[in-house]
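K.L.:
Structure supplied as my_file_33.cif; contents: mmCIF, C-alpha atoms; chains and numbers go by the auth columns.
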```cif
data_run
loop_
_atom_site.group_PDB
_atom_site.id
_atom_site.type_symbol
_atom_site.label_atom_id
_atom_site.label_comp_id
_atom_site.label_asym_id
_atom_site.label_seq_id
_atom_site.Cartn_x
_atom_site.Cartn_y
_atom_site.Cartn_z
_atom_site.B_iso_or_equiv
_atom_site.auth_seq_id
_atom_site.auth_asym_id
ATOM 1 C CA MET A 1 -3.262 25.043 32.753 0.00 208 A
ATOM 2 C CA PRO A 2 0.352 25.912 33.348 0.00 209 A
ATOM 3 C CA ILE A 3 1.609 29.392 33.948 0.00 210 A
ATOM 4 C CA SER A 4 3.951 30.641 31.260 0.00 211 A
ATOM 5 C CA TYR A 5 6.150 33.691 31.007 0.00 212 A
ATOM 6 C CA CYS A 6 6.130 36.123 28.106 0.00 213 A
ATOM 7 C CA VAL A 7 9.313 36.190 26.019 0.00 214 A
ATOM 8 C CA GLU A 8 8.924 39.951 25.549 0.00 215 A
ATOM 9 C CA CYS A 9 8.042 41.386 28.956 0.00 216 A
ATOM 10 C CA ASN A 10 8.496 38.339 31.230 0.00 217 A
ATOM 11 C CA THR A 11 5.030 38.670 32.784 0.00 218 A
ATOM 12 C CA SER A 12 3.123 35.511 33.642 0.00 219 A
ATOM 13 C CA PHE A 13 0.062 34.370 31.715 0.00 220 A
ATOM 14 C CA TRP A 14 -2.138 31.260 31.540 0.00 221 A
ATOM 15 C CA ARG A 15 -2.125 28.848 28.641 0.00 222 A
ATOM 16 C CA GLU A 16 -3.525 25.377 28.018 0.00 223 A
ATOM 17 C CA ASP A 17 -1.230 22.347 28.096 0.00 224 A
ATOM 18 C CA ALA A 18 -1.523 21.937 24.322 0.00 225 A
ATOM 19 C CA GLU A 19 -0.766 25.611 23.600 0.00 226 A
ATOM 20 C CA ASN A 20 3.020 25.399 23.553 0.00 227 A
ATOM 21 C CA TRP A 21 3.065 27.814 20.655 0.00 228 A
ATOM 22 C CA LYS A 22 1.864 30.665 22.901 0.00 229 A
ATOM 23 C CA THR A 23 5.036 32.464 23.926 0.00 230 A
ATOM 24 C CA ARG A 24 3.751 36.014 24.461 0.00 231 A
ATOM 25 C CA CYS A 25 1.168 37.522 26.780 0.00 232 A
ATOM 26 C CA PHE A 26 -1.881 39.018 25.101 0.00 233 A
ATOM 27 C CA LYS A 27 -0.612 42.590 25.412 0.00 234 A
ATOM 28 C CA CYS A 28 2.743 41.789 23.725 0.00 235 A
ATOM 29 C CA TRP A 29 1.089 39.594 21.121 0.00 236 A
ATOM 30 C CA LYS A 30 -1.318 42.398 20.238 0.00 237 A
ATOM 31 C CA LYS A 31 1.538 44.898 20.020 0.00 238 A
ATOM 32 C CA LYS A 32 3.556 42.579 17.753 0.00 239 A
ATOM 33 C CA SER A 33 0.592 41.765 15.507 0.00 240 A
ATOM 34 C CA ASN A 34 0.015 45.495 14.883 0.00 241 A
ATOM 35 C CA SER A 35 3.648 46.213 14.040 0.00 242 A
ATOM 36 C CA PRO A 36 4.503 47.338 10.487 0.00 243 A
ATOM 37 C CA ASN A 37 6.754 44.285 10.026 0.00 244 A
ATOM 38 C CA ASN A 38 3.697 42.056 10.382 0.00 245 A
ATOM 39 C CA LYS A 39 1.655 43.630 7.578 0.00 246 A
ATOM 40 C CA LEU A 40 0.596 41.602 4.566 0.00 247 A
ATOM 41 C CA ARG A 41 2.990 41.480 1.685 0.00 248 A
ATOM 42 C CA PRO A 42 2.093 40.625 -1.888 0.00 249 A
ATOM 43 C CA PRO A 43 2.867 37.005 -2.827 0.00 250 A
ATOM 44 C CA ASN A 44 5.901 36.357 -4.986 0.00 251 A
ATOM 45 C CA ASN A 45 5.669 34.622 -8.378 0.00 252 A
ATOM 46 C CA ASN A 46 6.609 31.171 -7.033 0.00 253 A
ATOM 47 C CA GLU A 47 3.844 31.321 -4.441 0.00 254 A
ATOM 48 C CA VAL A 48 1.287 32.420 -7.029 0.00 255 A
ATOM 49 C CA GLU A 49 2.303 29.648 -9.427 0.00 256 A
ATOM 50 C CA ARG A 50 2.162 27.046 -6.662 0.00 257 A
ATOM 51 C CA LEU A 51 -1.306 28.224 -5.608 0.00 258 A
ATOM 52 C CA GLN A 52 -2.528 28.219 -9.218 0.00 259 A
ATOM 53 C CA GLU A 53 -1.270 24.657 -9.610 0.00 260 A
ATOM 54 C CA ASP A 54 -3.065 23.682 -6.403 0.00 261 A
ATOM 55 C CA VAL A 55 -6.294 25.209 -7.738 0.00 262 A
ATOM 56 C CA ARG A 56 -5.931 23.323 -11.040 0.00 263 A
ATOM 57 C CA MET A 57 -5.313 20.077 -9.150 0.00 264 A
ATOM 58 C CA LEU A 58 -8.365 20.622 -6.921 0.00 265 A
ATOM 59 C CA LEU A 59 -10.549 21.393 -9.934 0.00 266 A
ATOM 60 C CA ASP A 60 -9.373 18.177 -11.631 0.00 267 A
ATOM 61 C CA GLU A 61 -10.152 16.194 -8.472 0.00 268 A
ATOM 62 C CA ARG A 62 -13.589 17.808 -8.301 0.00 269 A
ATOM 63 C CA LEU A 63 -14.331 16.847 -11.915 0.00 270 A
ATOM 64 C CA ALA A 64 -13.203 13.283 -11.220 0.00 271 A
ATOM 65 C CA LEU A 65 -15.526 13.111 -8.209 0.00 272 A
ATOM 66 C CA ILE A 66 -18.423 14.430 -10.292 0.00 273 A
ATOM 67 C CA ASP A 67 -17.750 11.745 -12.936 0.00 274 A
ATOM 68 C CA GLU A 68 -17.489 9.061 -10.245 0.00 275 A
ATOM 69 C CA ASN A 69 -20.744 10.252 -8.689 0.00 276 A
ATOM 70 C CA ALA A 70 -22.486 10.021 -12.070 0.00 277 A
ATOM 71 C CA VAL A 71 -21.288 6.416 -12.453 0.00 278 A
ATOM 72 C CA LEU A 72 -22.503 5.581 -8.944 0.00 279 A
ATOM 73 C CA GLN A 73 -25.914 7.123 -9.671 0.00 280 A
ATOM 74 C CA GLU A 74 -26.157 5.042 -12.844 0.00 281 A
ATOM 75 C CA ASP A 75 -25.203 1.889 -10.904 0.00 282 A
ATOM 76 C CA LEU A 76 -27.867 2.658 -8.296 0.00 283 A
ATOM 77 C CA ALA A 77 -30.461 3.084 -11.035 0.00 284 A
ATOM 78 C CA ASN A 78 -29.476 -0.282 -12.536 0.00 285 A
ATOM 79 C CA ILE A 79 -29.592 -1.996 -9.150 0.00 286 A
ATOM 80 C CA PHE A 80 -33.013 -0.490 -8.457 0.00 287 A
ATOM 81 C CA GLN A 81 -34.236 -1.716 -11.858 0.00 288 A
ATOM 82 C CA TYR A 82 -33.298 -5.334 -11.063 0.00 289 A
ATOM 83 C CA ILE A 83 -33.840 -5.421 -7.309 0.00 290 A
ATOM 84 C CA SER A 84 -37.398 -6.751 -7.589 0.00 291 A
ATOM 85 C CA PHE A 85 -36.155 -9.699 -9.620 0.00 292 A
ATOM 86 C CA LEU A 86 -33.315 -10.304 -7.169 0.00 293 A
ATOM 87 C CA ILE A 87 -35.775 -10.324 -4.283 0.00 294 A
ATOM 88 C CA PHE A 88 -37.983 -12.760 -6.212 0.00 295 A
ATOM 89 C CA ALA A 89 -35.026 -14.999 -7.084 0.00 296 A
ATOM 90 C CA CYS A 90 -33.645 -15.016 -3.525 0.00 297 A
ATOM 91 C CA HIS A 91 -36.923 -15.697 -1.753 0.00 298 A
ATOM 92 C CA PRO A 92 -36.480 -18.427 0.891 0.00 299 A
ATOM 93 C CA ASP A 93 -39.188 -20.554 -0.769 0.00 300 A
ATOM 94 C CA ARG A 94 -37.065 -20.748 -3.934 0.00 301 A
ATOM 95 C CA VAL A 95 -33.921 -22.134 -2.266 0.00 302 A
ATOM 96 C CA PRO A 96 -34.859 -25.167 -0.176 0.00 303 A
ATOM 97 C CA GLY A 97 -32.297 -26.062 2.459 0.00 304 A
ATOM 98 C CA ARG A 98 -30.775 -22.573 2.461 0.00 305 A
ATOM 99 C CA GLU A 99 -33.670 -20.621 3.897 0.00 306 A
ATOM 100 C CA GLY A 100 -31.515 -18.918 6.560 0.00 307 A
ATOM 101 C CA VAL A 101 -29.068 -17.486 4.039 0.00 308 A
ATOM 102 C CA ALA A 102 -31.896 -16.584 1.659 0.00 309 A
ATOM 103 C CA HIS A 103 -33.659 -14.721 4.452 0.00 310 A
ATOM 104 C CA GLU A 104 -30.499 -12.694 5.237 0.00 311 A
ATOM 105 C CA VAL A 105 -30.118 -11.827 1.542 0.00 312 A
ATOM 106 C CA MET A 106 -33.770 -10.783 1.370 0.00 313 A
ATOM 107 C CA VAL A 107 -33.419 -8.558 4.407 0.00 314 A
ATOM 108 C CA TRP A 108 -30.302 -6.953 2.917 0.00 315 A
ATOM 109 C CA LEU A 109 -31.928 -6.439 -0.503 0.00 316 A
ATOM 110 C CA ASN A 110 -35.046 -4.910 1.058 0.00 317 A
ATOM 111 C CA ALA A 111 -32.891 -2.552 3.129 0.00 318 A
ATOM 112 C CA LYS A 112 -30.959 -1.510 0.016 0.00 319 A
ATOM 113 C CA ARG A 113 -34.198 -0.941 -1.891 0.00 320 A
ATOM 114 C CA GLU A 114 -35.457 1.359 0.862 0.00 321 A
ATOM 115 C CA GLN A 115 -32.110 3.138 0.988 0.00 322 A
ATOM 116 C CA ILE A 116 -32.166 3.730 -2.781 0.00 323 A
ATOM 117 C CA ARG A 117 -35.766 4.973 -2.614 0.00 324 A
ATOM 118 C CA GLY A 118 -34.767 7.424 0.092 0.00 325 A
ATOM 119 C CA ARG A 119 -32.182 9.144 -2.125 0.00 326 A
#
```
Let's see the structure in the file written out as structure tokens.

P.N.:
Amino acid sequence: MPISYCVECNTSFWREDAENWKTRCFKCWKKKSNSPNNKLRPPNNNEVERLQEDVRMLLDERLALIDENAVLQEDLANIFQYISFLIFACHPDRVPGREGVAHEVMVWLNAKREQIRGR
């Protein structure tokens, strides 16, 4: 932690290496943060409009995510409906000569079935 010097009163204070933004000691920072020039001001019209647009955009994104989630839930339900048949069709006994690949597919399908059941 390097020692830094306050830009207001020139006293030394400690700060972390990544805290280059700290330019005042705590006492001067506290004094400046309580000054009347630092009080909250009402937002101007451009700021309000920009924030309202941001809110509208976030709401649209949220609705899109909800729709996407509904589609994913429907896909999971369809996969779960057919997973027993897929496991039956991919059983290693049903694909002679490709038992290794069939076994990997079976393991994957069984894991997915358990994952879907856990939701």

K.L.:
Pick out the residues sitting within 10 Å of Trp221 (chain A), and hand them over as a list of chain:residue names; count only C-alpha atoms, and ignore anything fewer than 4 positions along from it in its own chain.

P.N.:
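With the cut-off at 10 Å, the set is A:Met208, A:Pro209, A:Ile210, A:Ser211, A:Tyr212, A:Glu226, A:Lys229, A:Cys232.
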
K.L.:
Given the choices A:Glu215, A:Val314, A:Asn285, A:Asn227, which gets closest to Pro299 (chain A) if the distance is worked out from all atoms listed in the file?

P.N.:
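The shortest atom-to-atom distance to Pro299 (chain A) comes from A:Val314.
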
K.L.:
Do you have the CA of Glu306 (chain A)-CA of Asp282 (chain A) distance handy?

P.N.:
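Going from CA of Glu306 (chain A) over to CA of Asp282 (chain A), I get 28.2 Å.
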
K.L.:
Go ahead and compute the interatomic distance for CA of Asn317 (chain A) and CA of Val302 (chain A), in Å to one decimal.

P.N.:
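Straight-line distance from CA of Asn317 (chain A) to CA of Val302 (chain A) works out to 17.6 Å.
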
K.L.:
How far is it from CA of Ile286 (chain A) to CA of Ala271 (chain A), in Å with one decimal?

P.N.:
22.5 Å

K.L.:
Compile the contact shell of Val312 (chain A) as an NGL selection string: residues with an atom at most 10 Å away, counting only C-alpha atoms, same-chain residues fewer than 6 positions apart removed.

P.N.:
:A and (293-294 or 297-299 or 306 or 318)

K.L.:
My list of candidates is A:Arg231, A:Arg320, A:Arg257, A:His310. Which is closest to Val214 (chain A) when distances are computed with all atoms listed in the file?

P.N.:
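Answer, going by the shortest atom-to-atom distance: A:Arg231.
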